[in-house]
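J.: I have a structure here, written as structure tokens, and I will follow up with some questions on it.
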Amino acid sequence: MNYYPPCPQPEKIVGLTPHSDDSALTILLEINEVEGLQIKKDGKWIPVTPFPNAFVVNIGVVLEIVTNGTYRSIEHRVIVNSVQGRLSIGTIYLVIYDGEMYPASNLVAENNPPLFKRVEEYFRNLCARKLRGKSPLDALRIEHVQDKYKFILDN
Ligand SMILES: O=C(O)CCC(=O)C(=O)O
Ligand SMILES: [Fe+2]
């Protein structure tokens, strides 16, 4: 459960630092329907307006890796306001704690190479890690230099 108390100078703090969820899926209930959640789209922060009796379903890093980038995890943060506290409950769905994680083989082909490295024990140090945007996922990306080169030649 997350509680973000009101703050007299909300512009000076952030409720929850920008991050992508390390889960496969996160199901979030915005209990008292107070605004604050924002997603990053095209470099801009967009507010997610709470919708009564609805869950926010967030795709996490695990699904992005396993689907080889077909489903994208979104960077998000929470800001606070000076009037109302925000209450939310997040339920995270993970995979085997110390297992391996990699793009599903049937989603990878010669013309669709794996976008992420095989990773072991991604979750082991999860709680010790700082929230840092999408950087933990970016560290696992495979650069396809040949594809870039081909793109430059083709264009
Ligand atoms: O409190 C919220 O609305 C978001 C919480 C969140 O992003 C998280 O728990 O990962
Ligand atoms: Fe989150």
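Every chain in the structure tokens takes a letter, A first, then B, and so on in the order presented; its residues are numbered from 1, and the ligands are numbered from 1 following the presented order.
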Return as a PyMOL selection string the residues of protein, DNA or RNA that approach ligand 2 to within 10 Å, with only C-alpha atoms and all ligand atoms taken into account.

T.: chain A and resi 16-23+26-28+37+39+58-60+73-78+90+92+131

J.: What's the 9 Å shell around A:Thr49, counting only C-alpha atoms, without same-chain residues fewer than 3 positions away, as a count of residues only?

T.: 6

J.: I'd like to know which residues of stretch 14-145 of chain A are alpha helix (DSSP H) (by DSSP, run on the backbone); could you write them as a short mmCIF file (atom, residue, chain, number, x, y, z; two decimals) with C-alpha atoms, in the first residue's frame?

T.:
```cif
data_model
loop_
_atom_site.label_atom_id
_atom_site.label_comp_id
_atom_site.auth_asym_id
_atom_site.auth_seq_id
_atom_site.Cartn_x
_atom_site.Cartn_y
_atom_site.Cartn_z
CA VAL A 61 9.89 -5.14 -17.37
CA VAL A 62 9.38 -8.93 -17.31
CA LEU A 63 6.65 -8.82 -19.98
CA GLU A 64 8.68 -6.41 -22.08
CA ILE A 65 11.63 -8.82 -22.08
CA VAL A 66 9.62 -12.03 -22.53
CA SER A 135 17.75 2.17 -16.87
CA PRO A 136 17.68 -1.42 -15.44
CA LEU A 137 15.92 -2.52 -18.65
CA ASP A 138 18.15 -0.41 -20.89
CA VAL A 145 24.38 -2.69 -35.18
#
```

J.: Taking the chain letters and numbering used in this document, name the residues of chain A that DSSP puts in strand (DSSP E or B), as a VMD selection string.

T.: chain A and resid 2 to 4 16 to 19 25 to 30 37 to 41 44 to 47 55 to 59 76 to 78 86 to 93 100 to 101 109 112 116 119 to 120 133 141

J.: Output N, CA and C atoms of each residue in that selection to a file, as a short mmCIF file (atom, residue, chain, number, x, y, z; two decimals), in the first residue's frame.

T.:
```
data_model
loop_
_atom_site.label_atom_id
_atom_site.label_comp_id
_atom_site.auth_asym_id
_atom_site.auth_seq_id
_atom_site.Cartn_x
_atom_site.Cartn_y
_atom_site.Cartn_z
N ASN A 2 0.49 2.24 -0.79
CA ASN A 2 1.27 3.48 -0.87
C ASN A 2 0.42 4.63 -0.35
N TYR A 3 1.04 5.47 0.48
CA TYR A 3 0.36 6.69 0.94
C TYR A 3 1.26 7.88 0.65
N TYR A 4 0.70 8.85 -0.05
CA TYR A 4 1.43 10.07 -0.38
C TYR A 4 0.72 11.22 0.32
N LEU A 16 6.73 9.49 -5.84
CA LEU A 16 7.43 8.25 -6.19
C LEU A 16 8.28 8.54 -7.42
N THR A 17 9.57 8.26 -7.30
CA THR A 17 10.56 8.55 -8.34
C THR A 17 10.21 7.83 -9.65
N PRO A 18 10.52 8.43 -10.81
CA PRO A 18 10.26 7.75 -12.08
C PRO A 18 10.88 6.36 -12.13
N HIS A 19 10.09 5.41 -12.63
CA HIS A 19 10.57 4.02 -12.73
C HIS A 19 9.66 3.24 -13.67
N LEU A 25 3.33 -7.95 -14.45
CA LEU A 25 2.17 -7.05 -14.46
C LEU A 25 2.02 -6.43 -13.08
N THR A 26 1.56 -5.20 -13.04
CA THR A 26 1.19 -4.59 -11.77
C THR A 26 -0.28 -4.20 -11.87
N ILE A 27 -1.05 -4.56 -10.87
CA ILE A 27 -2.46 -4.14 -10.85
C ILE A 27 -2.62 -3.17 -9.69
N LEU A 28 -3.04 -1.97 -10.06
CA LEU A 28 -3.04 -0.86 -9.10
C LEU A 28 -4.46 -0.37 -8.86
N LEU A 29 -4.79 -0.22 -7.59
CA LEU A 29 -6.09 0.36 -7.23
C LEU A 29 -5.83 1.73 -6.62
N GLU A 30 -6.40 2.76 -7.24
CA GLU A 30 -6.25 4.13 -6.71
C GLU A 30 -7.40 4.34 -5.73
N LEU A 37 -0.68 9.99 -10.29
CA LEU A 37 0.07 9.09 -11.16
C LEU A 37 0.26 9.75 -12.53
N GLN A 38 1.49 9.66 -13.05
CA GLN A 38 1.77 10.21 -14.38
C GLN A 38 2.61 9.21 -15.17
N ILE A 39 2.37 9.14 -16.48
CA ILE A 39 3.21 8.29 -17.34
C ILE A 39 4.03 9.19 -18.27
N LYS A 40 5.15 8.66 -18.71
CA LYS A 40 6.00 9.44 -19.62
C LYS A 40 5.73 9.00 -21.05
N LYS A 41 5.28 9.94 -21.86
CA LYS A 41 4.98 9.64 -23.26
C LYS A 41 5.64 10.71 -24.12
N LYS A 44 7.18 13.54 -22.34
CA LYS A 44 6.36 14.43 -21.50
C LYS A 44 5.62 13.62 -20.45
N TRP A 45 5.40 14.22 -19.28
CA TRP A 45 4.63 13.55 -18.22
C TRP A 45 3.15 13.80 -18.43
N ILE A 46 2.38 12.72 -18.53
CA ILE A 46 0.93 12.81 -18.78
C ILE A 46 0.20 12.27 -17.54
N PRO A 47 -0.74 13.06 -16.98
CA PRO A 47 -1.48 12.57 -15.81
C PRO A 47 -2.41 11.41 -16.18
N PHE A 55 -9.17 -0.68 -12.11
CA PHE A 55 -7.77 -0.92 -11.82
C PHE A 55 -6.92 -0.29 -12.92
N VAL A 56 -5.73 0.14 -12.54
CA VAL A 56 -4.72 0.50 -13.54
C VAL A 56 -3.86 -0.75 -13.72
N VAL A 57 -3.72 -1.21 -14.96
CA VAL A 57 -2.89 -2.39 -15.22
C VAL A 57 -1.62 -1.93 -15.93
N ASN A 58 -0.51 -2.16 -15.28
CA ASN A 58 0.78 -1.70 -15.79
C ASN A 58 1.61 -2.88 -16.27
N ILE A 59 2.11 -2.77 -17.48
CA ILE A 59 3.03 -3.81 -17.97
C ILE A 59 4.40 -3.55 -17.37
N HIS A 76 6.80 5.63 -15.21
CA HIS A 76 5.78 6.40 -14.50
C HIS A 76 6.34 6.94 -13.19
N ARG A 77 5.60 7.88 -12.61
CA ARG A 77 5.99 8.48 -11.32
C ARG A 77 4.72 8.93 -10.62
N VAL A 78 4.86 9.35 -9.37
CA VAL A 78 3.70 9.90 -8.66
C VAL A 78 4.10 11.27 -8.11
N ARG A 86 -2.87 10.83 -1.21
CA ARG A 86 -3.24 9.81 -2.21
C ARG A 86 -2.96 8.44 -1.62
N LEU A 87 -3.90 7.53 -1.83
CA LEU A 87 -3.75 6.16 -1.34
C LEU A 87 -3.88 5.19 -2.50
N SER A 88 -2.96 4.27 -2.59
CA SER A 88 -3.07 3.26 -3.65
C SER A 88 -2.59 1.91 -3.13
N ILE A 89 -3.07 0.87 -3.79
CA ILE A 89 -2.57 -0.48 -3.49
C ILE A 89 -2.07 -1.08 -4.79
N GLY A 90 -0.83 -1.52 -4.80
CA GLY A 90 -0.29 -2.17 -5.99
C GLY A 90 -0.06 -3.64 -5.71
N THR A 91 -0.52 -4.48 -6.64
CA THR A 91 -0.24 -5.91 -6.53
C THR A 91 0.66 -6.28 -7.68
N ILE A 92 1.80 -6.88 -7.37
CA ILE A 92 2.73 -7.18 -8.46
C ILE A 92 2.75 -8.68 -8.74
N TYR A 93 2.84 -8.98 -10.03
CA TYR A 93 2.91 -10.37 -10.49
C TYR A 93 4.29 -10.57 -11.09
N GLU A 100 15.86 -17.67 -14.79
CA GLU A 100 16.39 -16.91 -15.92
C GLU A 100 15.25 -16.23 -16.66
N MET A 101 15.57 -15.13 -17.32
CA MET A 101 14.53 -14.42 -18.06
C MET A 101 15.11 -14.03 -19.43
N ALA A 109 13.11 -14.37 -34.29
CA ALA A 109 13.40 -14.97 -35.59
C ALA A 109 14.57 -14.23 -36.21
N ASN A 112 13.76 -10.87 -36.69
CA ASN A 112 13.26 -10.27 -35.45
C ASN A 112 14.14 -10.74 -34.28
N PHE A 116 16.76 -8.28 -25.96
CA PHE A 116 17.28 -8.24 -24.59
C PHE A 116 18.17 -9.45 -24.31
N VAL A 119 18.99 -12.94 -18.76
CA VAL A 119 19.40 -12.42 -17.45
C VAL A 119 19.06 -13.42 -16.35
N GLU A 120 20.01 -13.58 -15.44
CA GLU A 120 19.79 -14.47 -14.29
C GLU A 120 19.63 -13.61 -13.05
N GLY A 133 14.19 5.38 -13.58
CA GLY A 133 13.57 5.37 -14.90
C GLY A 133 13.57 3.99 -15.51
N ARG A 141 19.49 -4.27 -22.93
CA ARG A 141 19.19 -4.19 -24.38
C ARG A 141 20.37 -4.66 -25.22
#
```

J.: Nearest to ligand 1: which of A:Gly43, A:Gly69, A:Pro8, A:Gly85 is it, counting only C-alpha atoms and all ligand atoms?

T.: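 Nearest candidate to ligand 1 out of A:Gly43, A:Gly69, A:Pro8, A:Gly85: A:Gly85.
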
J.: Go through A:Val80, A:Asn53, A:Cys7, A:Thr67 one by one, measure the shortest atom-to-atom distance of each to ligand 1 using only C-alpha atoms and all ligand atoms, and give the residue with the smallest value.

T.: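 Of A:Val80, A:Asn53, A:Cys7, A:Thr67, the one nearest ligand 1 is A:Val80, counting only C-alpha atoms and all ligand atoms.
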
J.: Interatomic distance between atom CA of A:Asp98 and atom CA of A:Arg132?

T.: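 Pair atom CA of A:Asp98 / atom CA of A:Arg132 returns 21.7 Å.
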
J.: I need the residue nearest ligand 1 from this list: A:Ile79, A:Ser105, A:Glu11, A:Pro6. Use only C-alpha atoms and all ligand atoms for the distance.

T.: A:Ile79

J.: Hey, can you check how far atom CA of A:Asn81 sits from atom CA of A:Pro10?

T.: 5.2 Å

J.: When you look at A:Val108 with a cut-off of 10 Å (counting only C-alpha atoms), what residues show up, excluding the ones that are within fewer than 5 positions of it in the same chain? I need them as a VMD selection string.

T.: chain A and resid 67 to 68 103 113 to 115
